[in-house]
Every structure is written in C-alpha cells, then in structure tokens.
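Peer 1: Take a look at the following structure, please.
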There are 4 protein chains.
Amino acid sequence: MADEFVLRRRVQFAETDLAGVLHFANYFRFMEEAEHAFWRSIGEGVVTEHDGCRISWPRVSVRCDYVAPLHFEDELDLALRVANVGDRSVTFEIEFRREGCRVASGQIKAVCCATRDGAFQPAPMPKSLRKKLEASVGAHGGALKR
Amino acid sequence: MADEFVLRRRVQFAETDLAGVLHFANYFRFMEEAEHAFWRSIGEGVVTEHDGCRISWPRVSVRCDYVAPLHFEDELDLALRVANVGDRSVTFEIEFRREGCRVASGQIKAVCCATRDGAFQPAPMPKSLRKKLEASVGAHGGALKR
Amino acid sequence: MADEFVLRRRVQFAETDLAGVLHFANYFRFMEEAEHAFWRSIGEGVVTEHDGCRISWPRVSVRCDYVAPLHFEDELDLALRVANVGDRSVTFEIEFRREGCRVASGQIKAVCCATRDGAFQPAPMPKSLRKKLEASVGAHGGALKR
Amino acid sequence: MADEFVLRRRVQFAETDLAGVLHFANYFRFMEEAEHAFWRSIGEGVVTEHDGCRISWPRVSVRCDYVAPLHFEDELDLALRVANVGDRSVTFEIEFRREGCRVASGQIKAVCCATRDGAFQPAPMPKSLRKKLEASVGAHGGALKR
C-alpha cells in the first residue's frame, strides 16, 4: 500500500520479559522508532530548530491493542500512517505485522511544542513541517487526509 | 479515598530522555509496578500457580493520557483502581499525581491466561483470585463495581 | 557497617528477560539509582548548578560481576561505598545483596563535567561537593580512603 | 578487518537521557544485540536446544569504557570479536565506532548453562557450538585465539 511508511524491526532479548514475550511497554518504543524513521524519511527530525526555537513533539495520548504475543528475534513490519494533521498536533497509527499478519496496533497523538529545559510551550507547527507532513499524506494516497 | 491503592514512585535518571522528561513509554512501566504492588497487597502475585497451571495476565489494551511533563526525581503517587472485573479480564485505572495534582492517567486491560513457554491460553480466572479482586473492589468503596 | 549507603530495591517485571531473570544491563540502572539516592542523602543532586554552570557526572568506566541470578520481586540491598575521590572523578562500588548474601558487585567511575546540550567539558569538582563526598567517606569509616 | 563481526545500529530517542546522550547502561544492550546478531550470523541462536536441554548464556562479568558521548540518531558500528573460547565460557569484545572513530569499548564474558525456570546449571559447551565459535575465530583471522 502506498499510504504507509514501513520500518522493519527485530525483537531484541532485553525487550522480552519472564513470560517469554515482548514486554507490553516496549511496543511504544517500537512505535516511536517507526515515527522517527518516518520523520527522517521526509528529511526532518523529531527534534529540530525552527526560527531559533527548538521544536519537539510531546505526546498527549497513546494507546496500544495487542492481538498476539511477540517473541525474541521475531521480525516485525511497523506500518505507520499519518492519521490526522491538526493545527498543532499530528496523529500516527502504527500497525505491527509479523509475516503479513497484524499482531498489534497503536496510536500516538503528539503536539508541536517549543521546548526548553524540560518545559514545553505549545507552538504552531512550522509551515515547512506541515507542508511535508501533508505532502507525505498526499504521497501516501490521500486516503489519510481524514 | 478508600477506593484506591497508592504506590509512591520516584522518576529515575535512566527513565528520562533528551527532552529532559520521563519518556512516554515508561509511564506504562510505572502503571505495571503499581498493578503488581496491588497484587502483592492482596496476597497474590501477578505470576502464580493455580491447580498446577501457571497463570499470567497478558495485556489486551492499554492507553495513557499525558497532562504535564514529569522530571528527574519527581515523586509521584500512582493511584490504582480496579475499574472492572470480567469473566476472564480485569481493568485497572491508574492516575499519576504529583503533589496531589493529576499529571497523567492510564488504563490497563489484562486477561487471565494459562502460560507456557511464551504462549498464552485464555483461562477462567481462579475463584480465589476473583474473590480477592472483588473483595478488594468492595474494600475500595464499591464505587468501582461499574 | 558504617561505611555504606544502602538502598532497598525490588526487581520489577519489566526488568526481567525471557530467561526469567533480571537482565544483566539493568544492574547498571540499579547501581545508578543507589548512586543518586546517595547524592540525595548528602543533600546534593547528580545534576546541579555550581557558579552558573551545570554540573553532571558522565561515566568513564563501569563493570559488573554476576554471582547468582535475580528474579522478579526479589528484594535487594544495594550497598554503595565511595571507593575513591580524585581531583575530577569519583568511584563508587556497589554490592548487590539478597537476604544478606552477595549476588553481584559493580563499579562506576564518573568524572565531574560542565554540561551543555549533550556536550561535556571536564571541570574541577566544586569544593562544596568534594567536601561532602570526603565527609561522607569519613562518616563511612575512613577505610574507603584508599 | 576480517576478525570482526560488525552490526550497524542507530541511537534511539528512548535510549537517551536528560543529559542529552545515550544512557550508559544502554551500551550493554547494544553489545548484546551485536552478540546475538553474531550468533545468528553463524547459524546459531543465543537460546537453543541441544540434546533436549535448553542452553543459555548468562553473563559472569561485563565492563564498558566510555570515550565520547553518543547522541540521538548517531549511527554506530558495533565491531564484535570473539576474544576467548574457554571450556564453558566465551568472551566477546565489542568496539563502538562512529564514523570510524572508537567512542566506547566493552567486554562480555558469558558461560554456557542449561537453563530451566530462571535457574542456571553450568554445562559443557555443545560441540557443534564450540566448533562454530572456533571456526568463526579462525575465519576472523586467528589473531583472536589468545
């Protein structure tokens, strides 16, 4: 599908727990890695300077639904879609697939902020960033402009 | 309030990220620590043997809403409530408070499973466990039986 | 013993791995938590401002020797000693004990640095800090001044 | 060089800390990922069955020396060498390189164990494993047979 950015990622030993599976909190690290790889794919970074201001994307809401357990050395495809672009926020949906089958799916909603010393001030999304996000949505088939 | 189990927990250095705040994925570790402390408080463990079977509680769905950033050495109260007890599942709600103010809130829905070598088989909740969970809900004021 | 600072710490679920034990890399997080609790116990923080400069303590060398595996919910005593105070460095030794028995031991050597945006500049240790460290060594019996 | 196995690995956001650098404990996760990639490269897994017994490699001793800080999105080459093969143990040395320059170096000594439910029993290294390890050392130039 054209409306996805896909990152391949293997489950590492340290990410499993005593139940023998990928620990549930680590799915959010996987999602974030897909998100950041997506930022890089459009020539941007998740932490950038715009007009002398450091822009960052703290999360306001995240969730994950688990379908099947994942194990050490499983290879996953993390399929990311830009689900929504708001004035100051962006929402990503990430599907976890193993051998083509969905094993989990998650969502990250993040807001554009100017950041300094661990404090965040909501800020309008830089136009260049917005353009790239929307262009990226376009490149992904348009279906994401919902 | 009587309807809560509270765990105090400090933000550790390794749990922060380059934005200077508690990394968003780590909130789920905090929630789980509160959950497991709650299990201990009712004389149970999250990994137990019942009738010769190893019982575990894989997650089916989790979420977190972030209100304010948390910093290194912040002391948090994690207030856990048993929001729902189903036939095979239990739902916990966890509120993060710093100096009495809510800074985040999350939810974990877990299902009772018999586990072996990283595979999970849904199983009815052991009666003794269910009794304790429901008694705990009762001890917590009854308001949680929704 | 007077020459130790002790932090009690429980092994959490997310810190175990599929072998059913505390993952070996997490021992270093435990050590650091003991170190930071020690800093707090002498009225200091590991990240502080001195003379308008932000002081931090990047590590130059660490090690850990493992004696016995640790499991979920094990309660450990992390016994920290200030092994050496140099001009710009400090070396901590941390012993892991379970029910009084040593199960691991580690070492952290850190250097005093002025830090800015992820860059570190070695700096002389602030006198007030040095005094406290040495006093702490003294309070710990003097045997540590080797 | 022929005597190395190299894994390329990027520093992820969640692996940094508030000082803006790769947290020192995470270097050990990097080392382990290189080790496990090496096992895969010789057609083996770090967790395997041999003669009906589950073989694992708990660590007895690890260390790391830090030369220069690492930052978010840095790309590293983790160069692993088999430094020693004993009767029941193997020692890996891992050098961290950024743009060809050494930025850290570490060592992992692990012992061959039969494992069951989080307990480890030292065991002789399976011959097929030993052969592959030694062949691998040979393939790596022989210089490692010290």
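The chains in the structure tokens are called A, B, ... from first to last as shown; in each chain the residues are counted from 1, and the ligands are counted from 1 in the order shown.
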With a distance cut-off of 8 Å and only C-alpha atoms, select the neighbouring residues of segment 37-43 of chain B, excluding the residue or stretch itself and same-chain residues fewer than 6 positions from it, and output the selection as a list of chain:residue names.
Peer 2: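 Surrounding residues, per the criterion: B:Phe5, B:Leu7, B:Leu80, B:Lys132, B:Ser136.
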Peer 1: With a cut-off of 10 Å, could you pull out the residues of chain A touching chain C and give me the nearest pair of atoms for each, distance in Å to one decimal, using only C-alpha atoms, ordered by chain and ascending number, as a tab-separated table?
Peer 2:
residue	atom	partner	partner_atom	distance
A:Phe13	CA	C:Asp17	CA	6.9
A:Ala14	CA	C:Asp17	CA	6.0
A:Glu15	CA	C:Asp17	CA	7.1
A:Thr16	CA	C:Asp17	CA	5.0
A:Asp17	CA	C:Asp17	CA	4.0
A:Leu18	CA	C:Gly20	CA	4.3
A:Ala19	CA	C:Leu18	CA	6.4
A:Gly20	CA	C:Leu18	CA	4.3
A:Val21	CA	C:Leu18	CA	6.9
A:Leu22	CA	C:Leu18	CA	8.9
A:His23	CA	C:Ala14	CA	6.6
A:Phe24	CA	C:Ala14	CA	8.8
A:Ala25	CA	C:Ala14	CA	8.2
A:Asn26	CA	C:Ala14	CA	9.2
A:His71	CA	C:Leu18	CA	9.0
A:Phe72	CA	C:Leu18	CA	8.1
A:Asp117	CA	C:Asp117	CA	9.8
Peer 1: What residues in chain D get the DSSP label alpha helix (DSSP H)? Please answer as a ChimeraX atom specification.
Peer 2: /D:26-41,127-139
Peer 1: I want to know what sits within 12 Å of Ser128 of chain C, based on only C-alpha atoms, with residues of the same chain fewer than 2 positions away left out; could you give that as an MDAnalysis selection string?
Peer 2: chainID C and resid 42:44 48:51 124:126 130:135
Peer 1: Atoms to include: C-alpha atoms. Write the selected residues as an mmCIF file, in the first residue's frame.
Peer 2:
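Full text of result-v1.cif as output:
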data_model
loop_
_atom_site.group_PDB
_atom_site.id
_atom_site.type_symbol
_atom_site.label_atom_id
_atom_site.label_comp_id
_atom_site.auth_asym_id
_atom_site.auth_seq_id
_atom_site.Cartn_x
_atom_site.Cartn_y
_atom_site.Cartn_z
ATOM 1 C CA ILE C 42 24.204 14.130 51.337
ATOM 2 C CA GLY C 43 21.942 16.953 50.214
ATOM 3 C CA GLU C 44 23.184 17.069 46.650
ATOM 4 C CA THR C 48 23.300 20.550 39.826
ATOM 5 C CA GLU C 49 24.223 24.141 39.174
ATOM 6 C CA HIS C 50 27.504 25.460 40.570
ATOM 7 C CA ASP C 51 28.683 29.013 39.841
ATOM 8 C CA PRO C 124 37.211 20.599 38.712
ATOM 9 C CA MET C 125 34.842 19.191 41.300
ATOM 10 C CA PRO C 126 33.037 22.011 43.166
ATOM 11 C CA ARG C 130 34.161 17.476 47.304
ATOM 12 C CA LYS C 131 33.823 18.336 50.984
ATOM 13 C CA LYS C 132 30.579 16.441 51.220
ATOM 14 C CA LEU C 133 31.958 13.444 49.366
ATOM 15 C CA GLU C 134 35.026 13.311 51.595
ATOM 16 C CA ALA C 135 32.991 13.919 54.734
#
Peer 1: Would you please extract all strand (DSSP E) residues from chain B, as assigned by DSSP on the backbone, and give them as a ChimeraX atom specification?
Peer 2: /B:5-10,48-50,53-56,59-66,75-85,89-98,101-111,113-116,119-122
Peer 1: Using only C-alpha atoms, find the one residue out of C:Gln121, C:Gln12, C:Asn84, C:Ser89 that sits nearest to Pro69 of chain D.
Peer 2: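 Nearest candidate to Pro69 of chain D out of C:Gln121, C:Gln12, C:Asn84, C:Ser89: C:Gln121.
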